[in-house]
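Novice: Before I ask anything, let me first share the structure, which is written out below as structure tokens.
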Amino acid sequence: MKVTYYGHSCFAAQVANRTLLFDPFITGNELARAVEVTKLPADYILISHGHADHLADAADIARRTGATLVSNYEITLWFGRQGISRTHALNHGGGWRFDFGRVKFVHACHSSSLPDGTYGGNPGGFVVESADGNFYYSGDTALTMDMKLIGESTPLRFAVLCLGDNFTMGVDDALRAAEFVQCREILGCHYNTFPPIQIDTAAARAKFKAAGRNLHLLAPGESLNL
Ligand code: NI
Ligand code: MN
């Protein structure tokens, strides 16, 4: 499955000829200046929670592409009030079969207020199951025991895990999360964008390697087949 990283927690996965774009935050991310946000393709935009560093560009991309926006109930309502009519609301533990595969909204331990102060529901992550393979995106979260449930129920080809510390899991907890979800191929996200989430990338890669796992840390715009 082709995965393209666009900086911070934004990435796209090609699933069954559909482009799934997660947590678009390009405008305002100094590290993603090479990414042309007005050209990003999307058939679906999946939003993990209400913070601006996960949805800043979502409305513009949804309007331009006509993509369906998938998030929790409160966040889809908020986008609906901005004229985004194609939405699909999920809530924790629930899944829905789309034309590319099934998406389940899973627990994340974080917060989720929207940029204008509107209540943004509870934050989540996504498990995507498809004929092309399954993957998990953690969103912003602490390490939780609930991650073991994902590993027990769904064989994952890869997982996208936050690991910048301070606001979310750091590298050590992300490594434990990789063990909990029983996944070898990890794409790291939510690091280096801001001063509080700077990590030592070489040390992080080495820690994962020593534990028999591959940590992929991509440059914004870089793609990988996972
Ligand atoms: Ni957040
Ligand atoms: Mn965040």
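Every chain in the structure tokens has a letter given in the order shown (A, B, ...), and although residue numbers restart at 1 in each chain, ligands are simply numbered from 1 in the order shown.
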Region 11-166 of chain A: which residues are strand (DSSP E or B) by DSSP, as a PyMOL selection string?

Specialist: chain A and resi 11-15+18-22+44-46+68-72+87-90+95-97+102-107+124-129+135-137+158-162

Novice: Write to file, as a tab-separated table (two decimals), in the first residue's frame, the residues of the selection just made, with N, CA and C atoms.

Specialist:
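Output saved as result-v5.tsv:
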```
chain	number	residue	atom	x	y	z
A	11	PHE	N	-0.95	12.30	6.50
A	11	PHE	CA	-0.45	11.33	5.53
A	11	PHE	C	-1.62	10.85	4.68
A	12	ALA	N	-1.28	10.29	3.53
A	12	ALA	CA	-2.29	9.73	2.65
A	12	ALA	C	-1.98	8.26	2.42
A	13	ALA	N	-3.02	7.44	2.35
A	13	ALA	CA	-2.88	6.03	2.01
A	13	ALA	C	-3.75	5.75	0.80
A	14	GLN	N	-3.19	5.00	-0.17
A	14	GLN	CA	-3.95	4.60	-1.36
A	14	GLN	C	-4.58	3.25	-1.06
A	15	VAL	N	-5.89	3.23	-0.95
A	15	VAL	CA	-6.61	2.01	-0.61
A	15	VAL	C	-7.68	1.78	-1.67
A	18	ARG	N	-8.63	4.50	-3.90
A	18	ARG	CA	-9.13	5.70	-3.23
A	18	ARG	C	-7.98	6.32	-2.45
A	19	THR	N	-7.98	7.65	-2.37
A	19	THR	CA	-6.98	8.33	-1.56
A	19	THR	C	-7.60	8.73	-0.23
A	20	LEU	N	-7.05	8.15	0.84
A	20	LEU	CA	-7.49	8.49	2.19
A	20	LEU	C	-6.47	9.47	2.77
A	21	LEU	N	-6.91	10.67	3.07
A	21	LEU	CA	-6.02	11.70	3.61
A	21	LEU	C	-6.34	11.89	5.09
A	22	PHE	N	-5.33	11.79	5.92
A	22	PHE	CA	-5.53	11.88	7.37
A	22	PHE	C	-4.99	13.21	7.91
A	44	TYR	N	-11.34	10.70	0.61
A	44	TYR	CA	-11.83	10.72	1.99
A	44	TYR	C	-10.83	11.50	2.83
A	45	ILE	N	-11.35	12.30	3.76
A	45	ILE	CA	-10.48	13.00	4.72
A	45	ILE	C	-10.88	12.51	6.11
A	46	LEU	N	-9.93	11.90	6.80
A	46	LEU	CA	-10.22	11.34	8.12
A	46	LEU	C	-9.56	12.22	9.18
A	68	THR	N	-15.26	12.97	1.07
A	68	THR	CA	-16.11	12.72	2.24
A	68	THR	C	-15.27	12.84	3.50
A	69	LEU	N	-15.75	13.66	4.44
A	69	LEU	CA	-15.01	13.87	5.68
A	69	LEU	C	-15.52	12.91	6.75
A	70	VAL	N	-14.60	12.14	7.31
A	70	VAL	CA	-14.94	11.11	8.29
A	70	VAL	C	-14.31	11.48	9.63
A	71	SER	N	-15.14	11.59	10.66
A	71	SER	CA	-14.61	11.91	11.98
A	71	SER	C	-15.65	11.56	13.03
A	72	ASN	N	-15.46	12.06	14.25
A	72	ASN	CA	-16.49	11.81	15.25
A	72	ASN	C	-17.72	12.69	14.96
A	87	THR	N	-20.20	14.16	4.74
A	87	THR	CA	-19.51	13.73	5.96
A	87	THR	C	-20.04	12.36	6.37
A	88	HIS	N	-19.24	11.66	7.14
A	88	HIS	CA	-19.70	10.43	7.77
A	88	HIS	C	-19.24	10.44	9.22
A	89	ALA	N	-20.19	10.40	10.13
A	89	ALA	CA	-19.88	10.45	11.56
A	89	ALA	C	-19.72	9.05	12.13
A	90	LEU	N	-18.70	8.90	12.96
A	90	LEU	CA	-18.48	7.65	13.69
A	90	LEU	C	-18.41	8.00	15.18
A	95	GLY	N	-17.77	1.03	13.47
A	95	GLY	CA	-17.12	1.02	12.17
A	95	GLY	C	-18.15	1.13	11.07
A	96	TRP	N	-17.67	1.42	9.87
A	96	TRP	CA	-18.55	1.55	8.72
A	96	TRP	C	-17.82	1.05	7.48
A	97	ARG	N	-18.55	0.35	6.62
A	97	ARG	CA	-17.94	-0.15	5.39
A	97	ARG	C	-18.10	0.89	4.28
A	102	ARG	N	-13.31	-1.06	5.44
A	102	ARG	CA	-14.00	-0.71	6.68
A	102	ARG	C	-13.11	0.18	7.55
A	103	VAL	N	-13.72	1.19	8.15
A	103	VAL	CA	-13.02	2.08	9.07
A	103	VAL	C	-13.68	1.97	10.44
A	104	LYS	N	-12.89	1.73	11.45
A	104	LYS	CA	-13.39	1.70	12.83
A	104	LYS	C	-12.74	2.84	13.61
A	105	PHE	N	-13.57	3.54	14.39
A	105	PHE	CA	-13.07	4.65	15.22
A	105	PHE	C	-12.73	4.07	16.59
A	106	VAL	N	-11.49	4.23	17.00
A	106	VAL	CA	-11.03	3.59	18.24
A	106	VAL	C	-10.53	4.62	19.25
A	107	HIS	N	-10.36	4.17	20.44
A	107	HIS	CA	-10.02	5.04	21.57
A	107	HIS	C	-8.68	5.75	21.41
A	124	GLY	N	-9.99	10.30	18.78
A	124	GLY	CA	-9.90	8.89	18.43
A	124	GLY	C	-8.74	8.58	17.51
A	125	GLY	N	-8.69	7.32	17.15
A	125	GLY	CA	-7.78	6.84	16.12
A	125	GLY	C	-8.62	6.02	15.15
A	126	PHE	N	-7.97	5.50	14.10
A	126	PHE	CA	-8.71	4.75	13.08
A	126	PHE	C	-8.03	3.41	12.81
A	127	VAL	N	-8.84	2.37	12.66
A	127	VAL	CA	-8.35	1.11	12.12
A	127	VAL	C	-9.01	0.94	10.76
A	128	VAL	N	-8.19	0.84	9.72
A	128	VAL	CA	-8.70	0.68	8.35
A	128	VAL	C	-8.44	-0.75	7.91
A	129	GLU	N	-9.49	-1.43	7.50
A	129	GLU	CA	-9.37	-2.80	7.00
A	129	GLU	C	-9.78	-2.81	5.53
A	135	PHE	N	-4.44	-1.21	8.45
A	135	PHE	CA	-3.50	-0.37	9.22
A	135	PHE	C	-4.24	0.38	10.31
A	136	TYR	N	-3.44	0.87	11.26
A	136	TYR	CA	-3.96	1.63	12.41
A	136	TYR	C	-3.27	2.98	12.43
A	137	TYR	N	-4.07	4.03	12.61
A	137	TYR	CA	-3.52	5.37	12.85
A	137	TYR	C	-3.96	5.79	14.26
A	158	PHE	N	0.78	-2.13	8.77
A	158	PHE	CA	1.60	-1.06	9.36
A	158	PHE	C	0.74	-0.25	10.32
A	159	ALA	N	1.43	0.55	11.15
A	159	ALA	CA	0.73	1.45	12.07
A	159	ALA	C	1.40	2.81	12.01
A	160	VAL	N	0.59	3.85	12.10
A	160	VAL	CA	1.08	5.22	12.13
A	160	VAL	C	0.91	5.71	13.56
A	161	LEU	N	2.02	5.94	14.23
A	161	LEU	CA	1.98	6.24	15.66
A	161	LEU	C	2.61	7.60	15.96
A	162	CYS	N	1.94	8.37	16.82
A	162	CYS	CA	2.53	9.63	17.30
A	162	CYS	C	3.67	9.29	18.27
```

Novice: Mind checking which residues fall within 6 Å of Phe25 (chain A), counting only C-alpha atoms, ignoring those fewer than 4 positions away in the same chain, and posting them as a ChimeraX atom specification?

Specialist: /A:53-57

Novice: If you take only C-alpha atoms and a cut-off of 9 Å, which residues of region 9-81 of chain A touch region 180-196 of chain A, and what are their nearest atom pairs and distances in Å to one decimal, in chain and number order, as CSV?

Specialist:
```
residue,atom,partner,partner_atom,distance
A:Ser9,CA,A:Cys189,CA,5.1
A:Cys10,CA,A:Cys189,CA,8.0
A:Asn29,CA,A:Thr193,CA,6.9
A:Glu30,CA,A:Thr193,CA,7.6
A:Leu31,CA,A:Thr193,CA,6.6
```

Novice: Write the residues you've just listed into a file as an mmCIF file, in the first residue's frame, and include N, CA, C and O atoms for each of them.

Specialist:
```
data_model
loop_
_atom_site.group_PDB
_atom_site.id
_atom_site.type_symbol
_atom_site.label_atom_id
_atom_site.label_comp_id
_atom_site.auth_asym_id
_atom_site.auth_seq_id
_atom_site.Cartn_x
_atom_site.Cartn_y
_atom_site.Cartn_z
ATOM 1 N N SER A 9 1.099 15.116 11.457
ATOM 2 C CA SER A 9 0.338 13.860 11.482
ATOM 3 C C SER A 9 -0.459 13.663 10.208
ATOM 4 O O SER A 9 -1.409 12.871 10.179
ATOM 5 N N CYS A 10 -0.082 14.375 9.160
ATOM 6 C CA CYS A 10 -0.814 14.269 7.902
ATOM 7 C C CYS A 10 -0.150 13.250 6.979
ATOM 8 O O CYS A 10 1.050 13.330 6.725
ATOM 9 N N ASN A 29 2.496 24.706 8.837
ATOM 10 C CA ASN A 29 3.583 23.791 9.201
ATOM 11 C C ASN A 29 4.824 24.160 8.398
ATOM 12 O O ASN A 29 4.918 23.864 7.200
ATOM 13 N N GLU A 30 5.771 24.795 9.060
ATOM 14 C CA GLU A 30 7.011 25.241 8.412
ATOM 15 C C GLU A 30 7.752 24.083 7.738
ATOM 16 O O GLU A 30 8.394 24.270 6.704
ATOM 17 N N LEU A 31 7.648 22.894 8.325
ATOM 18 C CA LEU A 31 8.388 21.745 7.801
ATOM 19 C C LEU A 31 7.749 21.178 6.529
ATOM 20 O O LEU A 31 8.357 20.366 5.844
#
```

Novice: Sorted by chain and rising residue number, which residues of chain A lie within 9 Å of ligand 1, and what are their closest atom pairs and distances in Å to one decimal, counting only C-alpha atoms and all ligand atoms, as JSON lines?

Specialist:
```
{"residue": "A:Ser48", "atom": "CA", "partner": "ligand 1", "partner_atom_place_in_ligand_line": "1 (Ni)", "distance": 8.6}
{"residue": "A:His49", "atom": "CA", "partner": "ligand 1", "partner_atom_place_in_ligand_line": "1 (Ni)", "distance": 6.7}
{"residue": "A:Gly50", "atom": "CA", "partner": "ligand 1", "partner_atom_place_in_ligand_line": "1 (Ni)", "distance": 7.2}
{"residue": "A:His51", "atom": "CA", "partner": "ligand 1", "partner_atom_place_in_ligand_line": "1 (Ni)", "distance": 5.0}
{"residue": "A:Ala52", "atom": "CA", "partner": "ligand 1", "partner_atom_place_in_ligand_line": "1 (Ni)", "distance": 7.8}
{"residue": "A:Asp53", "atom": "CA", "partner": "ligand 1", "partner_atom_place_in_ligand_line": "1 (Ni)", "distance": 6.9}
{"residue": "A:His54", "atom": "CA", "partner": "ligand 1", "partner_atom_place_in_ligand_line": "1 (Ni)", "distance": 7.1}
{"residue": "A:His110", "atom": "CA", "partner": "ligand 1", "partner_atom_place_in_ligand_line": "1 (Ni)", "distance": 6.7}
{"residue": "A:Ser111", "atom": "CA", "partner": "ligand 1", "partner_atom_place_in_ligand_line": "1 (Ni)", "distance": 6.4}
{"residue": "A:Ser112", "atom": "CA", "partner": "ligand 1", "partner_atom_place_in_ligand_line": "1 (Ni)", "distance": 6.6}
{"residue": "A:Ser113", "atom": "CA", "partner": "ligand 1", "partner_atom_place_in_ligand_line": "1 (Ni)", "distance": 8.8}
{"residue": "A:Pro123", "atom": "CA", "partner": "ligand 1", "partner_atom_place_in_ligand_line": "1 (Ni)", "distance": 8.2}
{"residue": "A:Gly139", "atom": "CA", "partner": "ligand 1", "partner_atom_place_in_ligand_line": "1 (Ni)", "distance": 7.9}
{"residue": "A:Asp140", "atom": "CA", "partner": "ligand 1", "partner_atom_place_in_ligand_line": "1 (Ni)", "distance": 5.3}
{"residue": "A:Thr141", "atom": "CA", "partner": "ligand 1", "partner_atom_place_in_ligand_line": "1 (Ni)", "distance": 8.0}
{"residue": "A:Phe167", "atom": "CA", "partner": "ligand 1", "partner_atom_place_in_ligand_line": "1 (Ni)", "distance": 7.1}
{"residue": "A:Thr168", "atom": "CA", "partner": "ligand 1", "partner_atom_place_in_ligand_line": "1 (Ni)", "distance": 7.9}
```

Novice: For the residues selected in the previous step, produce a file with all heavy atoms as a compact mmCIF listing (two decimals), in the first residue's frame.

Specialist:
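Okay, part_5.txt is ready:
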```txt
# COMPACT_ATOMS: atom_id res chain seq x y z
N SER A 48 -8.84 12.84 13.22
CA SER A 48 -8.78 12.10 14.48
C SER A 48 -9.37 12.87 15.66
O SER A 48 -9.93 12.26 16.57
CB SER A 48 -7.33 11.72 14.80
OG SER A 48 -6.54 12.88 15.00
N HIS A 49 -9.21 14.20 15.66
CA HIS A 49 -9.73 15.02 16.76
C HIS A 49 -9.73 16.48 16.35
O HIS A 49 -9.31 16.81 15.24
CB HIS A 49 -8.95 14.77 18.05
CG HIS A 49 -7.51 15.19 18.04
ND1 HIS A 49 -6.56 14.59 17.24
CD2 HIS A 49 -6.85 16.17 18.71
CE1 HIS A 49 -5.39 15.17 17.45
NE2 HIS A 49 -5.54 16.14 18.32
N GLY A 50 -10.19 17.36 17.24
CA GLY A 50 -10.52 18.72 16.85
C GLY A 50 -9.39 19.74 16.82
O GLY A 50 -9.63 20.89 16.46
N HIS A 51 -8.19 19.36 17.18
CA HIS A 51 -7.12 20.36 17.28
C HIS A 51 -6.66 20.84 15.90
O HIS A 51 -6.63 20.06 14.94
CB HIS A 51 -5.94 19.79 18.06
CG HIS A 51 -6.28 19.56 19.51
ND1 HIS A 51 -5.58 18.69 20.31
CD2 HIS A 51 -7.27 20.09 20.28
CE1 HIS A 51 -6.12 18.70 21.54
NE2 HIS A 51 -7.15 19.54 21.53
N ALA A 52 -6.27 22.13 15.85
CA ALA A 52 -5.95 22.78 14.58
C ALA A 52 -4.80 22.08 13.84
O ALA A 52 -4.77 22.08 12.61
CB ALA A 52 -5.58 24.24 14.81
N ASP A 53 -3.87 21.49 14.59
CA ASP A 53 -2.74 20.82 13.92
C ASP A 53 -3.15 19.47 13.32
O ASP A 53 -2.28 18.68 12.91
CB ASP A 53 -1.54 20.66 14.87
CG ASP A 53 -1.85 19.83 16.09
OD1 ASP A 53 -2.94 19.98 16.68
OD2 ASP A 53 -0.99 19.00 16.47
N HIS A 54 -4.49 19.23 13.26
CA HIS A 54 -5.00 18.01 12.64
C HIS A 54 -6.09 18.27 11.61
O HIS A 54 -6.52 17.35 10.92
CB HIS A 54 -5.49 17.02 13.71
CG HIS A 54 -4.37 16.58 14.59
ND1 HIS A 54 -3.70 15.39 14.44
CD2 HIS A 54 -3.74 17.24 15.60
CE1 HIS A 54 -2.72 15.32 15.32
NE2 HIS A 54 -2.72 16.43 16.03
N HIS A 110 -6.62 11.71 24.92
CA HIS A 110 -6.12 13.03 24.53
C HIS A 110 -7.24 14.03 24.81
O HIS A 110 -8.06 13.79 25.70
CB HIS A 110 -5.73 12.95 23.04
CG HIS A 110 -4.96 14.11 22.50
ND1 HIS A 110 -3.68 14.41 22.90
CD2 HIS A 110 -5.28 15.03 21.56
CE1 HIS A 110 -3.26 15.48 22.22
NE2 HIS A 110 -4.22 15.88 21.41
N SER A 111 -7.33 15.14 24.07
CA SER A 111 -8.45 16.07 24.18
C SER A 111 -8.85 16.46 22.75
O SER A 111 -8.23 16.02 21.80
CB SER A 111 -8.05 17.29 25.02
OG SER A 111 -6.91 17.91 24.47
N SER A 112 -9.91 17.28 22.60
CA SER A 112 -10.44 17.43 21.23
C SER A 112 -11.23 18.71 20.99
O SER A 112 -12.10 18.74 20.13
CB SER A 112 -11.30 16.21 20.88
OG SER A 112 -11.79 16.30 19.56
N SER A 113 -10.98 19.79 21.73
CA SER A 113 -11.74 21.02 21.46
C SER A 113 -11.39 21.55 20.06
O SER A 113 -10.27 21.39 19.59
CB SER A 113 -11.42 22.09 22.52
OG SER A 113 -10.03 22.25 22.63
N PRO A 123 -11.49 12.44 21.30
CA PRO A 123 -10.51 12.13 20.25
C PRO A 123 -10.47 10.64 19.96
O PRO A 123 -10.86 9.83 20.80
CB PRO A 123 -9.20 12.59 20.87
CG PRO A 123 -9.40 12.38 22.34
CD PRO A 123 -10.86 12.71 22.59
N GLY A 139 -3.83 8.65 15.89
CA GLY A 139 -4.18 10.01 16.27
C GLY A 139 -3.24 10.49 17.36
O GLY A 139 -2.14 9.95 17.52
N ASP A 140 -3.64 11.50 18.11
CA ASP A 140 -2.85 11.94 19.28
C ASP A 140 -3.33 11.14 20.48
O ASP A 140 -4.52 11.15 20.80
CB ASP A 140 -3.11 13.43 19.57
CG ASP A 140 -2.35 14.35 18.64
OD1 ASP A 140 -1.71 13.86 17.70
OD2 ASP A 140 -2.41 15.58 18.87
N THR A 141 -2.43 10.47 21.13
CA THR A 141 -2.86 9.66 22.28
C THR A 141 -1.70 9.32 23.20
O THR A 141 -0.54 9.32 22.80
CB THR A 141 -3.52 8.34 21.80
OG1 THR A 141 -4.03 7.62 22.93
CG2 THR A 141 -2.55 7.45 21.04
N PHE A 167 2.89 16.18 24.18
CA PHE A 167 1.43 16.19 23.99
C PHE A 167 0.88 14.78 23.79
O PHE A 167 -0.33 14.56 23.85
CB PHE A 167 1.04 17.02 22.76
CG PHE A 167 1.45 18.46 22.84
CD1 PHE A 167 2.35 19.00 21.92
CD2 PHE A 167 0.93 19.31 23.82
CE1 PHE A 167 2.73 20.32 21.98
CE2 PHE A 167 1.30 20.65 23.88
CZ PHE A 167 2.20 21.16 22.97
N THR A 168 1.74 13.85 23.45
CA THR A 168 1.33 12.48 23.08
C THR A 168 2.38 11.48 23.58
O THR A 168 3.30 11.86 24.30
CB THR A 168 1.26 12.31 21.54
OG1 THR A 168 2.60 12.35 21.01
CG2 THR A 168 0.42 13.41 20.88
```

Novice: Between CA of Ser85 (chain A) and CA of Thr65 (chain A), what is the distance in Å, rounded to a tenth?

Specialist: 12.3 Å

Novice: I need the residue nearest Gly117 (chain A) from this list: A:Glu222, A:Gly28, A:Ile75, A:Ala203. Use only C-alpha atoms for the distance.

Specialist: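 Nearest candidate to Gly117 (chain A) out of A:Glu222, A:Gly28, A:Ile75, A:Ala203: A:Ile75.
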
Novice: Between A:Met1, A:Met147, A:Ala58, A:Met169, which residue has the minimum interatomic distance to ligand 2, considering only C-alpha atoms and all ligand atoms?

Specialist: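 Result for the nearest residue to ligand 2: A:Met169.
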
Novice: Nearest to ligand 2: which of A:Gly120, A:Pro41, A:Gly164, A:Gly80 is it, counting only C-alpha atoms and all ligand atoms?

Specialist: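 When distances to ligand 2 are compared using only C-alpha atoms and all ligand atoms, the smallest one comes from A:Gly164.
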
Novice: DSSP on the backbone, then: every residue of region 12-111 of chain A marked alpha helix (DSSP H), written as a count of residues only.

Specialist: 20

Novice: Ranking A:Ala32, A:Ile197, A:Lys2, A:Arg81 by minimum distance to Ala219 (chain A) and counting only C-alpha atoms, which one comes first?

Specialist: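 With only C-alpha atoms as the atom set, the closest residue is A:Ala32.
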
Novice: Have a look at A:Val37, A:Ile84, A:Ile61, A:Cys109 and name the one nearest to ligand 2; count only C-alpha atoms and all ligand atoms.

Specialist: A:Cys109

Novice: Between CA of Gly170 (chain A) and CA of Leu226 (chain A), what is the distance, to one decimal in Å?

Specialist: 22.7 Å
